[in-house]
Amino acid sequence: MDRFTAFNLIFFPAAGGAATLAAWGAWRRGWALPLVCTLGGVLLFWGGLMAAVGKYFSIWQSSPDPPDEAFSDGASLVFVLLVGWVPGVVLIGTSFAVSRWLYLRRTRGESA
């Protein structure tokens, strides 16, 4: 399997699931369940990103005659571990905000 395909097969389902979880949480009443869903979405995104990058390098390193860059680039794994939650917050926060806006618009429209 190609390393880019492996990355995509792990990352995009995790990102889609995380955005869906946050959007679903935005349609719930109160604040506890939406907060838990949003935080869960960020963790799912972050975990999917870490797993995808790990699999990417694993396949690259196990390829026949891998280049030296396949083994010397541990910085990207550490970078994803330390800062990978930032794009998760942006994506999941946007998904939550748009869904919450639609939910509030719908509920206010029904009562008027």
# chains A, B, ... in the order shown; residues from 1 in each chain; ligands from 1
>>> residues_around(residues="segment 88-100 of chain A", least_positions_apart="3", cutoff="7 Å", atoms="only C-alpha atoms", output="ChimeraX atom specification")
/A:18-19,22-23,26-27,38,41-42,45-46,84-85,103-104
>>> write_last_selection(atoms="C-alpha atoms", output="PDB file, in the first residue's frame")
ATOM      1  CA  ALA A  18     -14.527  14.210  14.683  1.00  0.00           C
ATOM      2  CA  ALA A  19     -16.367  16.933  12.771  1.00  0.00           C
ATOM      3  CA  ALA A  22     -18.852  18.042  17.198  1.00  0.00           C
ATOM      4  CA  ALA A  23     -21.754  18.867  14.889  1.00  0.00           C
ATOM      5  CA  ALA A  26     -23.902  21.218  18.846  1.00  0.00           C
ATOM      6  CA  TRP A  27     -27.524  20.109  18.363  1.00  0.00           C
ATOM      7  CA  THR A  38     -16.370  18.951  21.071  1.00  0.00           C
ATOM      8  CA  GLY A  41     -13.862  15.493  18.445  1.00  0.00           C
ATOM      9  CA  VAL A  42     -10.584  17.321  19.014  1.00  0.00           C
ATOM     10  CA  PHE A  45      -8.845  14.376  15.190  1.00  0.00           C
ATOM     11  CA  TRP A  46      -5.540  14.546  17.061  1.00  0.00           C
ATOM     12  CA  GLY A  84      -1.431  18.424  16.322  1.00  0.00           C
ATOM     13  CA  TRP A  85      -4.362  19.559  18.446  1.00  0.00           C
ATOM     14  CA  TYR A 103     -29.421  24.890  15.671  1.00  0.00           C
ATOM     15  CA  LEU A 104     -30.071  28.238  17.342  1.00  0.00           C
TER      16      LEU A 104
END
>>> residues_around(residues="segment 3-11 of chain A", least_positions_apart="2", cutoff="10 Å", atoms="only C-alpha atoms", output="list in words")
Met1, Pro13, Ala14, Ala15, Gly16, Gly17, Leu44, Phe45, Trp46, Gly47, Gly48, Leu49, Met50, Ala51, Ala52, Val53, Gly54, Lys55, Tyr56, Phe57, Ser58, Ile59, Trp60, Gln61 and Ser63 of chain A
>>> atom_distance(atom1="atom CA of Gly40 of chain A", atom2="atom CA of Trp24 of chain A")
11.6 Å
>>> select_by_dssp(residues="chain A", states="helix (DSSP H, G or I)", output="ChimeraX atom specification")
/A:3-26,32-62,69-72,75-83,85-111
>>> write_last_selection(atoms="C-alpha atoms", output="JSON list (two decimals), in the first residue's frame")
[["chain", "number", "residue", "atom", "x", "y", "z"],
["A", 3, "ARG", "CA", 2.14, 5.59, 2.18],
["A", 4, "PHE", "CA", -0.09, 8.48, 1.06],
["A", 5, "THR", "CA", -3.06, 6.13, 0.67],
["A", 6, "ALA", "CA", -2.44, 4.73, 4.15],
["A", 7, "PHE", "CA", -2.31, 8.24, 5.58],
["A", 8, "ASN", "CA", -5.56, 9.20, 3.84],
["A", 9, "LEU", "CA", -7.35, 6.01, 4.90],
["A", 10, "ILE", "CA", -6.60, 6.77, 8.55],
["A", 11, "PHE", "CA", -6.73, 10.56, 8.72],
["A", 12, "PHE", "CA", -9.82, 11.49, 6.70],
["A", 13, "PRO", "CA", -12.25, 9.07, 8.43],
["A", 14, "ALA", "CA", -10.97, 10.31, 11.80],
["A", 15, "ALA", "CA", -11.34, 13.96, 10.76],
["A", 16, "GLY", "CA", -14.81, 13.35, 9.35],
["A", 17, "GLY", "CA", -15.89, 11.46, 12.46],
["A", 18, "ALA", "CA", -14.53, 14.21, 14.68],
["A", 19, "ALA", "CA", -16.37, 16.93, 12.77],
["A", 20, "THR", "CA", -19.57, 14.86, 12.84],
["A", 21, "LEU", "CA", -19.25, 14.31, 16.59],
["A", 22, "ALA", "CA", -18.85, 18.04, 17.20],
["A", 23, "ALA", "CA", -21.75, 18.87, 14.89],
["A", 24, "TRP", "CA", -23.96, 16.30, 16.62],
["A", 25, "GLY", "CA", -23.00, 17.72, 20.00],
["A", 26, "ALA", "CA", -23.90, 21.22, 18.85],
["A", 32, "ALA", "CA", -22.07, 19.51, 29.20],
["A", 33, "LEU", "CA", -22.79, 17.15, 26.31],
["A", 34, "PRO", "CA", -21.80, 19.69, 23.62],
["A", 35, "LEU", "CA", -18.55, 20.35, 25.48],
["A", 36, "VAL", "CA", -17.78, 16.63, 25.83],
["A", 37, "CYS", "CA", -18.56, 16.04, 22.13],
["A", 38, "THR", "CA", -16.37, 18.95, 21.07],
["A", 39, "LEU", "CA", -13.44, 17.82, 23.22],
["A", 40, "GLY", "CA", -13.95, 14.26, 22.02],
["A", 41, "GLY", "CA", -13.86, 15.49, 18.44],
["A", 42, "VAL", "CA", -10.58, 17.32, 19.01],
["A", 43, "LEU", "CA", -9.07, 14.20, 20.62],
["A", 44, "LEU", "CA", -10.33, 12.00, 17.77],
["A", 45, "PHE", "CA", -8.84, 14.38, 15.19],
["A", 46, "TRP", "CA", -5.54, 14.55, 17.06],
["A", 47, "GLY", "CA", -5.35, 10.78, 17.53],
["A", 48, "GLY", "CA", -6.19, 10.17, 13.89],
["A", 49, "LEU", "CA", -3.49, 12.59, 12.81],
["A", 50, "MET", "CA", -0.89, 10.93, 15.05],
["A", 51, "ALA", "CA", -1.87, 7.44, 13.86],
["A", 52, "ALA", "CA", -1.81, 8.52, 10.20],
["A", 53, "VAL", "CA", 1.63, 10.12, 10.47],
["A", 54, "GLY", "CA", 2.96, 7.06, 12.33],
["A", 55, "LYS", "CA", 1.61, 4.72, 9.65],
["A", 56, "TYR", "CA", 2.98, 6.97, 6.90],
["A", 57, "PHE", "CA", 6.51, 6.71, 8.29],
["A", 58, "SER", "CA", 6.16, 3.02, 9.08],
["A", 59, "ILE", "CA", 5.28, 2.19, 5.46],
["A", 60, "TRP", "CA", 7.97, 4.52, 4.17],
["A", 61, "GLN", "CA", 10.62, 2.88, 6.34],
["A", 62, "SER", "CA", 9.55, -0.64, 5.36],
["A", 69, "GLU", "CA", 14.95, 10.87, 5.28],
["A", 70, "ALA", "CA", 12.58, 8.04, 6.21],
["A", 71, "PHE", "CA", 14.57, 7.39, 9.38],
["A", 72, "SER", "CA", 15.92, 10.81, 10.29],
["A", 75, "ALA", "CA", 10.74, 15.82, 14.31],
["A", 76, "SER", "CA", 7.47, 15.57, 12.39],
["A", 77, "LEU", "CA", 6.18, 12.91, 14.78],
["A", 78, "VAL", "CA", 7.09, 15.04, 17.78],
["A", 79, "PHE", "CA", 5.57, 18.10, 16.10],
["A", 80, "VAL", "CA", 2.27, 16.27, 15.53],
["A", 81, "LEU", "CA", 2.30, 15.07, 19.13],
["A", 82, "LEU", "CA", 2.86, 18.54, 20.56],
["A", 83, "VAL", "CA", 0.96, 20.79, 18.13],
["A", 85, "TRP", "CA", -4.36, 19.56, 18.45],
["A", 86, "VAL", "CA", -4.26, 23.09, 16.95],
["A", 87, "PRO", "CA", -5.74, 22.17, 13.53],
["A", 88, "GLY", "CA", -8.18, 19.93, 15.40],
["A", 89, "VAL", "CA", -9.42, 22.87, 17.45],
["A", 90, "VAL", "CA", -9.82, 24.97, 14.30],
["A", 91, "LEU", "CA", -11.70, 22.30, 12.32],
["A", 92, "ILE", "CA", -13.80, 21.00, 15.19],
["A", 93, "GLY", "CA", -14.47, 24.49, 16.54],
["A", 94, "THR", "CA", -15.68, 25.59, 13.11],
["A", 95, "SER", "CA", -17.87, 22.51, 12.77],
["A", 96, "PHE", "CA", -19.34, 23.11, 16.22],
["A", 97, "ALA", "CA", -19.88, 26.84, 15.66],
["A", 98, "VAL", "CA", -21.65, 26.42, 12.32],
["A", 99, "SER", "CA", -23.83, 23.60, 13.64],
["A", 100, "ARG", "CA", -24.68, 25.53, 16.81],
["A", 101, "TRP", "CA", -25.56, 28.59, 14.74],
["A", 102, "LEU", "CA", -27.89, 26.48, 12.57],
["A", 103, "TYR", "CA", -29.42, 24.89, 15.67],
["A", 104, "LEU", "CA", -30.07, 28.24, 17.34],
["A", 105, "ARG", "CA", -31.43, 29.72, 14.13],
["A", 106, "ARG", "CA", -33.81, 26.78, 13.73],
["A", 107, "THR", "CA", -35.01, 26.77, 17.33],
["A", 108, "ARG", "CA", -35.56, 30.53, 17.37],
["A", 109, "GLY", "CA", -37.34, 30.36, 14.04],
["A", 110, "GLU", "CA", -39.78, 27.72, 15.32],
["A", 111, "SER", "CA", -40.72, 29.73, 18.40]]
>>> decode(residues="segment 17-97 of chain A", atoms="C-alpha atoms", output="PDB file, in the first residue's frame")
ATOM      1  CA  GLY A  17     -15.892  11.464  12.456  1.00  0.00           C
ATOM      2  CA  ALA A  18     -14.527  14.210  14.683  1.00  0.00           C
ATOM      3  CA  ALA A  19     -16.367  16.933  12.771  1.00  0.00           C
ATOM      4  CA  THR A  20     -19.565  14.864  12.838  1.00  0.00           C
ATOM      5  CA  LEU A  21     -19.248  14.308  16.585  1.00  0.00           C
ATOM      6  CA  ALA A  22     -18.852  18.042  17.198  1.00  0.00           C
ATOM      7  CA  ALA A  23     -21.754  18.867  14.889  1.00  0.00           C
ATOM      8  CA  TRP A  24     -23.965  16.304  16.621  1.00  0.00           C
ATOM      9  CA  GLY A  25     -23.002  17.725  20.001  1.00  0.00           C
ATOM     10  CA  ALA A  26     -23.902  21.218  18.846  1.00  0.00           C
ATOM     11  CA  TRP A  27     -27.524  20.109  18.363  1.00  0.00           C
ATOM     12  CA  ARG A  28     -27.828  18.932  21.988  1.00  0.00           C
ATOM     13  CA  ARG A  29     -29.288  21.106  24.729  1.00  0.00           C
ATOM     14  CA  GLY A  30     -27.267  22.355  27.655  1.00  0.00           C
ATOM     15  CA  TRP A  31     -23.532  22.754  27.775  1.00  0.00           C
ATOM     16  CA  ALA A  32     -22.074  19.512  29.205  1.00  0.00           C
ATOM     17  CA  LEU A  33     -22.788  17.146  26.305  1.00  0.00           C
ATOM     18  CA  PRO A  34     -21.801  19.685  23.617  1.00  0.00           C
ATOM     19  CA  LEU A  35     -18.546  20.346  25.479  1.00  0.00           C
ATOM     20  CA  VAL A  36     -17.785  16.631  25.828  1.00  0.00           C
ATOM     21  CA  CYS A  37     -18.560  16.041  22.132  1.00  0.00           C
ATOM     22  CA  THR A  38     -16.370  18.951  21.071  1.00  0.00           C
ATOM     23  CA  LEU A  39     -13.441  17.824  23.223  1.00  0.00           C
ATOM     24  CA  GLY A  40     -13.948  14.257  22.021  1.00  0.00           C
ATOM     25  CA  GLY A  41     -13.862  15.493  18.445  1.00  0.00           C
ATOM     26  CA  VAL A  42     -10.584  17.321  19.014  1.00  0.00           C
ATOM     27  CA  LEU A  43      -9.068  14.201  20.617  1.00  0.00           C
ATOM     28  CA  LEU A  44     -10.329  12.003  17.769  1.00  0.00           C
ATOM     29  CA  PHE A  45      -8.845  14.376  15.190  1.00  0.00           C
ATOM     30  CA  TRP A  46      -5.540  14.546  17.061  1.00  0.00           C
ATOM     31  CA  GLY A  47      -5.348  10.784  17.530  1.00  0.00           C
ATOM     32  CA  GLY A  48      -6.189  10.172  13.886  1.00  0.00           C
ATOM     33  CA  LEU A  49      -3.492  12.593  12.809  1.00  0.00           C
ATOM     34  CA  MET A  50      -0.888  10.931  15.045  1.00  0.00           C
ATOM     35  CA  ALA A  51      -1.869   7.442  13.858  1.00  0.00           C
ATOM     36  CA  ALA A  52      -1.812   8.523  10.205  1.00  0.00           C
ATOM     37  CA  VAL A  53       1.633  10.120  10.473  1.00  0.00           C
ATOM     38  CA  GLY A  54       2.955   7.058  12.330  1.00  0.00           C
ATOM     39  CA  LYS A  55       1.608   4.715   9.653  1.00  0.00           C
ATOM     40  CA  TYR A  56       2.979   6.972   6.905  1.00  0.00           C
ATOM     41  CA  PHE A  57       6.512   6.713   8.293  1.00  0.00           C
ATOM     42  CA  SER A  58       6.157   3.017   9.083  1.00  0.00           C
ATOM     43  CA  ILE A  59       5.277   2.194   5.465  1.00  0.00           C
ATOM     44  CA  TRP A  60       7.968   4.520   4.165  1.00  0.00           C
ATOM     45  CA  GLN A  61      10.616   2.884   6.341  1.00  0.00           C
ATOM     46  CA  SER A  62       9.552  -0.637   5.359  1.00  0.00           C
ATOM     47  CA  SER A  63       9.723   0.099   1.635  1.00  0.00           C
ATOM     48  CA  PRO A  64      12.549  -1.459  -0.357  1.00  0.00           C
ATOM     49  CA  ASP A  65      15.682   0.673  -0.167  1.00  0.00           C
ATOM     50  CA  PRO A  66      14.171   3.579   1.820  1.00  0.00           C
ATOM     51  CA  PRO A  67      15.955   6.926   1.723  1.00  0.00           C
ATOM     52  CA  ASP A  68      17.735   8.299   4.782  1.00  0.00           C
ATOM     53  CA  GLU A  69      14.953  10.870   5.283  1.00  0.00           C
ATOM     54  CA  ALA A  70      12.577   8.042   6.212  1.00  0.00           C
ATOM     55  CA  PHE A  71      14.567   7.387   9.378  1.00  0.00           C
ATOM     56  CA  SER A  72      15.920  10.806  10.286  1.00  0.00           C
ATOM     57  CA  ASP A  73      12.644  12.738  10.428  1.00  0.00           C
ATOM     58  CA  GLY A  74      11.416  12.109  13.955  1.00  0.00           C
ATOM     59  CA  ALA A  75      10.743  15.816  14.313  1.00  0.00           C
ATOM     60  CA  SER A  76       7.471  15.572  12.387  1.00  0.00           C
ATOM     61  CA  LEU A  77       6.180  12.906  14.779  1.00  0.00           C
ATOM     62  CA  VAL A  78       7.089  15.045  17.782  1.00  0.00           C
ATOM     63  CA  PHE A  79       5.570  18.103  16.102  1.00  0.00           C
ATOM     64  CA  VAL A  80       2.274  16.270  15.532  1.00  0.00           C
ATOM     65  CA  LEU A  81       2.304  15.066  19.128  1.00  0.00           C
ATOM     66  CA  LEU A  82       2.856  18.543  20.560  1.00  0.00           C
ATOM     67  CA  VAL A  83       0.960  20.787  18.126  1.00  0.00           C
ATOM     68  CA  GLY A  84      -1.431  18.424  16.322  1.00  0.00           C
ATOM     69  CA  TRP A  85      -4.362  19.559  18.446  1.00  0.00           C
ATOM     70  CA  VAL A  86      -4.258  23.091  16.953  1.00  0.00           C
ATOM     71  CA  PRO A  87      -5.738  22.174  13.529  1.00  0.00           C
ATOM     72  CA  GLY A  88      -8.178  19.934  15.402  1.00  0.00           C
ATOM     73  CA  VAL A  89      -9.420  22.873  17.452  1.00  0.00           C
ATOM     74  CA  VAL A  90      -9.821  24.970  14.297  1.00  0.00           C
ATOM     75  CA  LEU A  91     -11.698  22.299  12.319  1.00  0.00           C
ATOM     76  CA  ILE A  92     -13.804  20.996  15.189  1.00  0.00           C
ATOM     77  CA  GLY A  93     -14.471  24.486  16.536  1.00  0.00           C
ATOM     78  CA  THR A  94     -15.680  25.589  13.115  1.00  0.00           C
ATOM     79  CA  SER A  95     -17.865  22.514  12.769  1.00  0.00           C
ATOM     80  CA  PHE A  96     -19.336  23.113  16.222  1.00  0.00           C
ATOM     81  CA  ALA A  97     -19.881  26.839  15.657  1.00  0.00           C
TER      82      ALA A  97
END
